[in-house]
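> Compact mmCIF, C-alpha atoms, saved as entry-v4.txt, coming up:
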```
# COMPACT_ATOMS: atom_id res chain seq x y z
CA MET D 1 23.70 0.16 11.09
CA THR D 2 27.41 -0.61 11.56
CA PRO D 3 27.21 -4.24 10.29
CA TYR D 4 25.51 -3.06 7.07
CA VAL D 5 28.21 -0.44 6.48
CA PHE D 6 30.93 -2.99 7.24
CA MET D 7 29.38 -5.50 4.83
CA ILE D 8 29.30 -2.97 1.98
CA ILE D 9 32.87 -1.84 2.71
CA ILE D 10 34.00 -5.47 2.42
CA TRP D 11 32.31 -5.68 -0.99
CA VAL D 12 34.02 -2.48 -2.15
CA VAL D 13 37.44 -3.80 -1.08
CA LEU D 14 36.77 -7.17 -2.74
CA PHE D 15 35.65 -5.38 -5.89
CA TYR D 16 38.83 -3.32 -6.05
CA TYR D 17 41.25 -6.21 -5.56
CA LEU D 18 39.37 -8.91 -7.47
CA LEU D 19 37.38 -7.22 -10.23
CA TYR D 20 38.78 -3.75 -10.83
CA ARG D 21 42.47 -4.63 -10.93
CA ASN D 22 42.28 -7.26 -13.66
CA GLU D 23 44.49 -5.83 -16.41
CA GLY D 24 46.65 -8.48 -18.02
CA ILE D 25 44.55 -11.29 -16.57
CA SER D 26 43.07 -13.92 -18.90
CA GLU D 27 39.34 -14.32 -19.36
CA GLU D 28 39.52 -17.57 -17.38
CA GLY D 29 41.31 -15.76 -14.57
CA ILE D 30 38.69 -13.01 -14.48
CA GLU D 31 35.93 -15.63 -14.28
CA LYS D 32 37.76 -17.29 -11.39
CA ARG D 33 38.00 -13.96 -9.57
CA LYS D 34 34.30 -13.41 -10.16
CA ARG D 35 33.51 -16.75 -8.51
CA ILE D 36 35.71 -15.86 -5.54
CA PHE D 37 33.95 -12.51 -5.18
CA VAL D 38 30.50 -14.15 -5.26
CA TRP D 39 31.55 -16.72 -2.64
CA LEU D 40 32.98 -14.13 -0.24
CA ALA D 41 30.19 -11.58 -0.77
CA GLY D 42 27.59 -14.33 -0.39
CA ILE D 43 29.14 -15.43 2.90
CA THR D 44 29.03 -11.90 4.33
CA LEU D 45 25.39 -11.58 3.25
CA PHE D 46 24.64 -14.92 4.91
CA VAL D 47 26.32 -13.87 8.17
CA ILE D 48 24.24 -10.67 8.37
CA MET D 49 21.00 -12.48 7.53
CA GLY D 50 21.47 -15.75 9.36
CA PHE D 51 23.14 -14.62 12.58
CA ARG D 52 20.84 -11.69 13.33
CA ASN D 53 19.02 -11.28 16.60
CA GLU D 54 15.48 -12.65 16.59
CA ASN D 55 14.15 -9.11 17.07
CA VAL D 56 15.77 -7.72 13.91
CA GLY D 57 12.96 -7.33 11.39
CA VAL D 58 9.42 -6.25 12.22
CA ASP D 59 7.86 -9.63 11.41
CA THR D 60 10.67 -11.90 12.63
CA PRO D 61 9.26 -12.38 16.19
CA ARG D 62 5.87 -13.20 14.70
CA TYR D 63 7.36 -15.83 12.40
CA LEU D 64 9.26 -17.40 15.30
CA SER D 65 6.03 -17.47 17.30
CA ARG D 66 4.33 -19.31 14.46
CA TYR D 67 7.32 -21.64 14.26
CA HIS D 68 6.76 -22.63 17.90
CA ALA D 69 3.07 -23.10 17.14
CA SER D 70 4.13 -25.86 14.69
CA ALA D 71 4.36 -28.14 17.72
CA PHE D 72 0.56 -28.19 17.90
CA THR D 73 0.03 -28.92 14.18
CA LYS D 74 -0.96 -32.54 13.55
CA TRP D 75 0.76 -34.42 10.74
CA ASP D 76 -2.55 -35.50 9.23
CA VAL D 77 -3.32 -31.84 8.47
CA PHE D 78 -0.81 -32.02 5.62
CA SER D 79 -2.45 -35.04 3.99
CA ASN D 80 -5.92 -33.56 3.52
CA TRP D 81 -6.76 -30.74 1.09
CA ASP D 82 -9.58 -29.41 3.29
CA ASN D 83 -7.20 -29.09 6.24
CA TRP D 84 -4.69 -27.08 4.20
CA LEU D 85 -7.09 -24.18 4.07
CA GLU D 86 -7.15 -24.06 7.88
CA LEU D 87 -3.40 -23.53 8.15
CA GLU D 88 -2.37 -20.05 9.30
CA ASN D 89 0.45 -20.01 6.74
CA GLU D 90 0.71 -21.65 3.32
CA LEU D 91 1.33 -25.39 3.05
CA GLY D 92 5.03 -25.33 2.11
CA PHE D 93 6.01 -22.87 4.81
CA SER D 94 3.94 -24.68 7.45
CA LEU D 95 5.33 -28.09 6.49
CA ALA D 96 8.92 -26.83 6.54
CA GLY D 97 8.33 -25.31 9.98
CA LYS D 98 6.81 -28.55 11.28
CA ILE D 99 9.74 -30.66 10.04
CA LEU D 100 12.35 -28.29 11.50
CA TYR D 101 10.50 -28.14 14.82
CA GLU D 102 10.34 -31.94 15.01
CA TRP D 103 14.10 -31.97 14.44
CA LYS D 104 14.37 -29.66 17.48
CA VAL D 105 15.91 -26.82 15.47
CA SER D 106 16.42 -23.78 17.73
CA ASP D 107 15.23 -20.27 16.85
CA THR D 108 18.80 -19.22 16.07
CA LEU D 109 19.41 -22.20 13.79
CA TYR D 110 16.01 -21.62 12.18
CA LEU D 111 17.10 -18.12 11.12
CA ILE D 112 20.50 -19.45 10.03
CA ILE D 113 18.86 -22.02 7.71
CA TYR D 114 16.57 -19.34 6.33
CA GLY D 115 19.47 -16.91 5.80
CA PHE D 116 21.52 -19.62 4.09
CA PHE D 117 18.74 -20.39 1.59
CA ILE D 118 18.12 -16.76 0.68
CA SER D 119 21.82 -15.93 0.42
CA LEU D 120 22.49 -18.99 -1.72
CA CYS D 121 19.67 -18.14 -4.15
CA ILE D 122 20.75 -14.51 -4.45
CA SER D 123 24.42 -15.45 -4.93
CA ARG D 124 23.55 -17.98 -7.63
CA LEU D 125 21.39 -15.48 -9.47
CA ILE D 126 24.03 -12.75 -9.33
CA TYR D 127 26.81 -15.08 -10.46
CA LYS D 128 24.78 -16.32 -13.40
CA HIS D 129 23.29 -13.05 -14.65
CA SER D 130 25.34 -10.09 -13.35
CA LYS D 131 28.34 -9.06 -15.44
CA ASN D 132 29.79 -7.32 -12.40
CA PRO D 133 28.72 -9.13 -9.20
CA PHE D 134 29.57 -6.11 -7.05
CA TRP D 135 26.59 -4.29 -8.56
CA GLY D 136 24.41 -7.34 -8.01
CA PHE D 137 25.10 -7.51 -4.26
CA TYR D 138 25.14 -3.75 -3.70
CA LEU D 139 21.87 -3.09 -5.53
CA HIS D 140 20.25 -6.16 -3.96
CA THR D 141 21.01 -4.61 -0.58
CA THR D 142 19.99 -1.04 -1.33
CA ILE D 143 17.09 -1.27 -3.81
CA GLY D 144 16.46 -5.02 -3.87
CA LEU D 145 14.83 -7.66 -1.70
CA PHE D 146 17.29 -7.40 1.20
CA THR D 147 15.27 -5.18 3.55
CA MET D 148 12.05 -7.12 3.06
CA SER D 149 13.81 -10.49 3.29
CA MET D 150 14.99 -9.63 6.81
CA SER D 151 11.35 -9.34 7.86
CA GLY D 152 8.86 -10.93 5.42
CA MET D 153 10.26 -14.44 5.42
CA ARG D 154 7.50 -16.25 3.54
CA GLN D 155 7.40 -13.87 0.60
CA ALA D 156 11.20 -13.68 0.43
CA ILE D 157 11.37 -17.46 0.01
CA ALA D 158 8.60 -17.32 -2.61
CA CYS D 159 10.51 -14.62 -4.51
CA CYS D 160 13.72 -16.65 -4.56
CA VAL D 161 11.92 -19.77 -5.79
CA CYS D 162 10.27 -17.73 -8.56
CA TRP D 163 13.64 -16.32 -9.60
CA LEU D 164 14.96 -19.86 -9.99
CA ALA D 165 12.30 -20.17 -12.70
CA ILE D 166 13.78 -17.33 -14.79
CA ASP D 167 16.03 -19.87 -16.51
CA TYR D 168 12.94 -21.76 -17.68
CA ILE D 169 11.64 -18.62 -19.38
CA MET D 170 14.87 -18.30 -21.32
CA GLU D 171 14.96 -22.03 -22.11
CA LYS D 172 11.31 -22.05 -23.26
CA LYS D 173 10.22 -24.66 -20.70
CA PRO D 174 6.72 -23.53 -19.63
CA ILE D 175 5.85 -26.68 -17.67
CA ARG D 176 8.93 -26.43 -15.44
CA PHE D 177 8.31 -22.70 -15.06
CA ILE D 178 4.70 -23.26 -13.96
CA LEU D 179 5.62 -26.03 -11.52
CA THR D 180 8.38 -23.91 -9.95
CA VAL D 181 6.06 -20.93 -9.51
CA LEU D 182 3.34 -23.18 -8.05
CA LEU D 183 5.94 -24.43 -5.55
CA ALA D 184 6.59 -20.78 -4.63
CA THR D 185 2.87 -20.27 -3.96
CA THR D 186 3.08 -22.88 -1.18
CA PHE D 187 5.18 -20.31 0.68
CA HIS D 188 3.25 -17.18 -0.33
CA GLN D 189 0.08 -17.15 -2.44
CA SER D 190 1.03 -13.89 -4.12
CA ALA D 191 3.66 -15.78 -6.14
CA ILE D 192 0.88 -16.91 -8.48
CA PHE D 193 1.12 -13.44 -9.99
CA PHE D 194 4.58 -14.30 -11.36
CA LEU D 195 3.02 -16.83 -13.77
CA VAL D 196 2.02 -14.05 -16.17
CA PHE D 197 5.65 -13.04 -16.52
CA TYR D 198 6.34 -16.07 -18.71
CA PHE D 199 4.74 -14.15 -21.58
CA ALA D 200 7.42 -11.46 -21.22
CA ARG D 201 9.65 -13.72 -23.30
CA PHE D 202 7.69 -12.59 -26.35
CA ILE D 203 8.57 -8.92 -25.73
CA LYS D 204 11.52 -7.62 -27.73
CA ILE D 205 12.88 -4.40 -26.29
CA LYS D 206 14.85 -2.04 -28.50
CA LYS D 207 15.34 1.69 -28.15
CA VAL D 208 12.01 2.70 -29.73
CA SER D 209 9.86 0.00 -28.10
CA GLY D 210 11.63 0.70 -24.81
CA TRP D 211 10.70 4.37 -24.87
CA ILE D 212 7.11 3.49 -25.80
CA LEU D 213 6.96 1.19 -22.77
CA ALA D 214 8.49 3.96 -20.65
CA GLY D 215 5.73 6.30 -21.81
CA PHE D 216 3.06 3.77 -20.87
CA SER D 217 4.63 3.32 -17.44
CA VAL D 218 4.38 7.04 -16.78
CA ALA D 219 0.84 7.11 -18.21
CA CYS D 220 -0.18 4.58 -15.57
CA LEU D 221 -0.10 7.46 -13.11
CA PHE D 222 -3.29 8.63 -14.80
CA LEU D 223 -4.70 5.18 -15.62
CA ARG D 224 -4.84 4.03 -12.00
CA PRO D 225 -8.63 4.45 -11.63
CA ILE D 226 -9.08 1.96 -14.49
CA LEU D 227 -6.29 -0.54 -13.83
CA VAL D 228 -6.50 -0.90 -10.02
CA PRO D 229 -10.11 -2.23 -9.86
CA ILE D 230 -9.30 -4.74 -12.63
CA LEU D 231 -6.18 -6.08 -10.95
CA SER D 232 -7.88 -6.14 -7.55
CA HIS D 233 -10.09 -9.00 -8.71
CA PHE D 234 -7.02 -11.22 -9.10
CA MET D 235 -5.54 -10.61 -5.65
CA PRO D 236 -5.66 -13.55 -3.19
CA GLU D 237 -8.48 -13.11 -0.65
CA LYS D 238 -6.10 -14.34 2.06
CA TYR D 239 -4.29 -10.99 1.98
CA GLU D 240 -7.22 -8.58 2.01
CA MET D 241 -6.02 -7.51 5.46
CA TYR D 242 -3.29 -5.50 3.73
CA GLY D 243 -5.79 -3.27 1.96
CA LEU D 244 -6.88 -4.66 -1.39
CA ALA D 245 -7.67 -1.35 -3.03
CA SER D 246 -6.93 1.13 -0.30
CA ASP D 247 -4.97 4.37 -0.44
CA LYS D 248 -4.75 4.66 3.34
CA HIS D 249 -1.10 3.60 3.35
CA GLN D 250 0.51 6.22 1.14
CA VAL D 251 3.55 5.20 -0.87
CA ASN D 252 6.60 7.43 -0.64
CA PRO D 253 6.62 9.47 -3.90
CA LEU D 254 10.41 9.09 -4.03
CA LEU D 255 10.03 5.29 -4.31
CA VAL D 256 7.61 5.70 -7.21
CA ALA D 257 9.93 8.16 -8.95
CA VAL D 258 12.96 5.87 -8.55
CA ALA D 259 10.97 2.86 -9.80
CA LEU D 260 10.13 4.76 -13.00
CA LEU D 261 13.57 6.32 -13.40
CA ILE D 262 15.62 3.10 -13.20
CA PRO D 263 14.48 1.58 -16.54
CA ILE D 264 14.50 5.05 -18.16
CA PHE D 265 18.06 5.59 -16.87
CA CYS D 266 19.02 2.18 -18.29
CA LEU D 267 17.44 2.96 -21.66
CA PHE D 268 19.37 6.22 -21.88
CA PHE D 269 22.75 4.58 -21.19
CA TRP D 270 22.04 1.30 -23.00
CA GLU D 271 24.73 0.44 -25.53
CA ARG D 272 23.09 -2.34 -27.59
CA ARG D 273 26.24 -2.97 -29.62
CA LYS D 274 27.76 -4.51 -26.49
CA ILE D 275 25.30 -7.40 -26.65
CA LYS D 276 27.09 -10.52 -27.84
CA ASP D 277 24.34 -12.84 -29.07
CA GLU D 278 20.60 -13.42 -29.42
CA LYS D 279 20.31 -15.11 -26.02
CA GLU D 280 21.83 -12.10 -24.27
CA ASP D 281 19.55 -9.80 -26.27
CA ARG D 282 16.48 -11.77 -25.14
CA PHE D 283 17.67 -11.63 -21.54
CA TYR D 284 18.06 -7.86 -21.67
CA SER D 285 14.52 -7.62 -23.08
CA LEU D 286 13.29 -9.79 -20.22
CA CYS D 287 15.03 -7.57 -17.66
CA PHE D 288 13.63 -4.39 -19.22
CA ALA D 289 10.14 -5.92 -19.18
CA GLY D 290 10.53 -6.85 -15.51
CA SER D 291 11.94 -3.43 -14.63
CA PHE D 292 9.09 -1.57 -16.33
CA LEU D 293 6.55 -3.91 -14.75
CA TYR D 294 8.05 -3.14 -11.36
CA GLY D 295 7.64 0.57 -12.06
CA ILE D 296 4.04 0.13 -13.17
CA ILE D 297 3.17 -1.88 -10.06
CA GLN D 298 4.82 0.75 -7.87
CA VAL D 299 2.67 3.41 -9.54
CA LEU D 300 -0.50 1.38 -8.96
CA SER D 301 0.50 0.83 -5.34
CA ILE D 302 -0.35 4.48 -4.74
CA SER D 303 -3.99 3.36 -4.85
CA SER D 304 -3.64 -0.23 -3.67
CA ASN D 305 -1.36 -1.39 -0.92
CA MET D 306 -1.97 -5.03 -1.83
CA ILE D 307 -1.01 -4.59 -5.48
CA GLY D 308 2.18 -2.93 -4.25
CA ARG D 309 3.20 -6.16 -2.55
CA MET D 310 3.44 -7.81 -5.97
CA ASN D 311 6.44 -5.68 -6.91
CA GLN D 312 8.69 -7.78 -4.65
CA TYR D 313 8.89 -10.38 -7.42
CA PHE D 314 10.35 -7.90 -9.91
CA TYR D 315 13.02 -6.14 -7.82
CA ILE D 316 15.63 -8.51 -9.17
CA PHE D 317 15.30 -7.24 -12.74
CA ASN D 318 16.25 -3.72 -11.63
CA VAL D 319 19.24 -5.14 -9.78
CA ILE D 320 20.55 -7.16 -12.73
CA LEU D 321 19.65 -4.66 -15.45
CA LEU D 322 21.08 -1.55 -13.81
CA GLY D 323 24.37 -3.26 -12.94
CA ASN D 324 24.79 -4.72 -16.43
CA ILE D 325 23.97 -1.47 -18.21
CA ILE D 326 26.61 0.41 -16.19
CA THR D 327 29.17 -2.34 -16.79
CA ASP D 328 28.54 -2.12 -20.56
CA ILE D 329 29.23 1.64 -20.78
CA GLU D 330 32.39 2.03 -22.84
CA ASP D 331 33.32 5.63 -22.11
CA ARG D 332 35.12 5.69 -18.74
CA ASN D 333 33.92 9.15 -17.69
CA THR D 334 30.31 8.35 -18.54
CA ARG D 335 30.60 5.07 -16.63
CA TYR D 336 31.98 6.88 -13.57
CA ILE D 337 29.10 9.37 -13.62
CA ALA D 338 26.49 6.62 -14.00
CA SER D 339 28.19 4.60 -11.26
CA ALA D 340 28.16 7.57 -8.91
CA PHE D 341 24.40 7.95 -9.29
CA ALA D 342 23.85 4.19 -8.92
CA ILE D 343 25.87 4.15 -5.69
CA LEU D 344 24.81 7.40 -4.03
CA LEU D 345 21.05 7.45 -4.61
CA PRO D 346 20.30 3.81 -3.64
CA GLY D 347 22.76 4.09 -0.74
CA TYR D 348 21.09 7.26 0.50
CA MET D 349 17.64 5.67 0.26
CA PHE D 350 18.77 2.54 2.11
CA PHE D 351 20.51 4.22 5.04
CA LYS D 352 17.87 6.96 5.25
CA SER D 353 14.91 4.61 5.53
CA MET D 354 16.23 1.46 7.28
CA SER D 355 12.61 0.30 7.22
CA LEU D 356 10.92 -2.89 8.39
CA GLY D 357 12.80 -2.87 11.69
CA ILE D 358 16.17 -4.10 10.41
CA ALA D 359 17.93 -1.28 12.29
CA PRO D 360 19.28 -1.10 14.88
CA TYR D 361 21.03 -4.36 14.10
CA TYR D 362 22.12 -6.89 16.74
CA PHE D 363 23.70 -10.31 16.30
CA SER D 364 22.08 -13.38 17.85
CA TRP D 365 24.64 -13.46 20.70
CA GLN D 366 23.96 -9.81 21.65
CA VAL D 367 21.23 -8.55 23.97
CA TYR D 368 18.78 -6.63 21.83
CA GLY D 369 18.66 -2.95 22.77
CA SER D 370 21.84 -3.12 24.84
```
Please lay out the structure from this file as structure tokens.

Amino acid sequence: MTPYVFMIIIWVVLFYYLLYRNEGISEEGIEKRKRIFVWLAGITLFVIMGFRNENVGVDTPRYLSRYHASAFTKWDVFSNWDNWLELENELGFSLAGKILYEWKVSDTLYLIIYGFFISLCISRLIYKHSKNPFWGFYLHTTIGLFTMSMSGMRQAIACCVCWLAIDYIMEKKPIRFILTVLLATTFHQSAIFFLVFYFARFIKIKKVSGWILAGFSVACLFLRPILVPILSHFMPEKYEMYGLASDKHQVNPLLVAVALLIPIFCLFFWERRKIKDEKEDRFYSLCFAGSFLYGIIQVLSISSNMIGRMNQYFYIFNVILLGNIITDIEDRNTRYIASAFAILLPGYMFFKSMSLGIAPYYFSWQVYGS
């Protein structure tokens, strides 16, 4: 747990000296400080992810075992469609593992490369879309993809590739969006679900429409018997092992409550007059749509463990939206109160759960369990 605490403390210190104390500094200077923060915060995230012991993360040993199994995969498997279906993992992930194994990449370097890719994608996304990058990194760690990315490597890569396609939604480039998402499916088939999110660009969220969507999200608690069987037909057969429509793996009610409360919290504190232009307005609508969709999926996951796995692709909208809403609050006292809730509740949830085997934490040069 100590490395996680140390990482967050570094971010707090960086925030204070680079982003908080910026009175009298030009807009160009503030932007420069923001870049410095993202670089330094991204490096600390990379160190924690890339230099972890191979036993940190429930699924990490299994992925390394499959990586070693790449030695027995013939190259001609990748040139025949029929053979692709026989691969234990998806084509992109299997091919990447085969190439790295042929280059004699060690287990440690394998995790370093993986950690570098994830950290780079997250840092880029936060720099581009978060008004205050401290919130981006902190919320990514506490309510975002961080915990899962330290264990579920394939889906974490797929999520990051999908998030690179967010720009294509805003730029109205459906072909590039589709191709990027299809690339993500070569790492985890569930990424195909992200294709439907392109249509979120047609949703315009304002106060009234936002509260209507909030009401529908809560109503999904009672609509589960109707919605779950419908959505179950679209789940990849490859992942039926996780429980396609099973309630055997109960979801923590607190997670469901938080998933619903985040967009409602953002709606309550949303100051629309702070939006500068139409592009920013459309992006906020996109984030609200993603945040509410995450809440709806979390509600449906009560009845279907497999459907719950789809919410990984929409974590990022909570991270960006919540941080930007708090940053936009004009009244200092209100902003402090909102910030306190956004720090304490996610922080409590993160350090209380420490799920998916990411704690206790050991670096690669340490003996695990020592």
> Find the residues near D:Tyr20: any atom within 12 Å, counting all atoms listed in the file, skip ones fewer than 5 places away on the same chain, and give them as number ranges by chain.
D: 11-15, 25, 30, 33-34, 37, 132-134, 327
> Interatomic distance between atom CA of D:Ser149 and atom CA of D:Gly357?
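The value is 11.4 Å.
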> D:Phe6, D:Phe341, D:Phe197, D:Phe51: which is nearest D:Ile178, counting all atoms listed in the file?
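Once distances to D:Ile178 are computed over all atoms listed in the file, the minimum belongs to D:Phe197.
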> Considering all atoms listed in the file, can you say which of D:His129, D:Arg124, D:Arg309, D:Arg335 comes closest to D:Ala156?
D:Arg309
> When you count only C-alpha atoms, which of these residues is closest to D:Phe292: D:Gly144, D:Val38, D:Tyr114, D:Phe314?
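Result for the nearest residue to D:Phe292: D:Phe314.
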> For D:Leu261, which residue out of D:Gly215, D:Gln189, D:Met306, D:Cys287 is the nearest one, using all atoms listed in the file?
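Closest residue, counting all atoms listed in the file: D:Gly215.
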> Which is closest to D:Asn252 among D:Thr60, D:Asn311, D:Thr186, D:Ser353, if we use all atoms listed in the file?
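Checking each of D:Thr60, D:Asn311, D:Thr186, D:Ser353 against D:Asn252, counting all atoms listed in the file, the winner is D:Ser353.
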> Would you kindly return, as a PyMOL selection string, each protein, DNA or RNA residue with an atom no farther than 12 Å from any atom of D:Leu109, considering only C-alpha atoms and excluding same-chain residues fewer than 4 positions away?
chain D and resi 49-54+64+100-101+103-105+113-116+364
> Kindly assemble as a tab-separated table a list of the stretch 196-233 of chain D residues that lie within 12 Å of stretch 270-273 of chain D, each paired with its nearest atom pair and their distance in Å to one decimal, using all atoms listed in the file, sorted first by chain and then by ascending residue number.

```
residue	atom	partner	partner_atom	distance
D:Ile205	CA	D:Arg272	CA	10.5
D:Lys206	CA	D:Arg272	CA	8.3
D:Lys207	CA	D:Trp270	CA	8.5
D:Gly210	CA	D:Trp270	CA	10.6
D:Trp211	CA	D:Trp270	CA	11.9
```
> Of the candidates D:Tyr362, D:Tyr336, D:Phe202, D:Phe265, which shows the shortest atom-to-atom distance to D:Asn318, using all atoms listed in the file?
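The answer is D:Phe265, which sits nearest to D:Asn318.
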> Name the residues in contact with D:Gly295 at a cut-off of 7 Å, using all atoms listed in the file, excluding same-chain residues fewer than 3 positions from it; report them as a PDB file with C-alpha atoms, in the coordinates of the input.

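Saved to result07.pdb:
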```pdb
ATOM      1  CA  SER D 217       4.630   3.320 -17.440  1.00  0.00           C
ATOM      2  CA  ALA D 259      10.970   2.860  -9.800  1.00  0.00           C
ATOM      3  CA  LEU D 260      10.130   4.760 -13.000  1.00  0.00           C
ATOM      4  CA  SER D 291      11.940  -3.430 -14.630  1.00  0.00           C
ATOM      5  CA  PHE D 292       9.090  -1.570 -16.330  1.00  0.00           C
ATOM      6  CA  GLN D 298       4.820   0.750  -7.870  1.00  0.00           C
ATOM      7  CA  VAL D 299       2.670   3.410  -9.540  1.00  0.00           C
TER       8      VAL D 299
END
```
> So the first atom is atom CA of D:Val218 and the second is atom CA of D:Ile296; what is the distance between them in Å, to one decimal place?
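For atom CA of D:Val218 relative to atom CA of D:Ile296, the distance reads 7.8 Å.
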> Work out how far atom CA of D:Pro360 is from atom CA of D:Phe317, in Å to one decimal.
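Atom-to-atom, atom CA of D:Phe317 to atom CA of D:Pro360, that is 28.6 Å.
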> Could you name the residues that touch D:Tyr198 at 12 Å or less, counting all atoms listed in the file, but leaving out those on the same chain fewer than 6 positions away, as a list in words?
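What passes the distance filter is Cys162, Trp163, Ala165, Ile166, Asp167, Tyr168, Ile169, Met170, Glu171, Lys172, Lys173, Pro174, Ile175, Arg176, Phe177, Ile178, Thr180, Val181, Ile192, Leu286, Ala289 and Gly290 of chain D.
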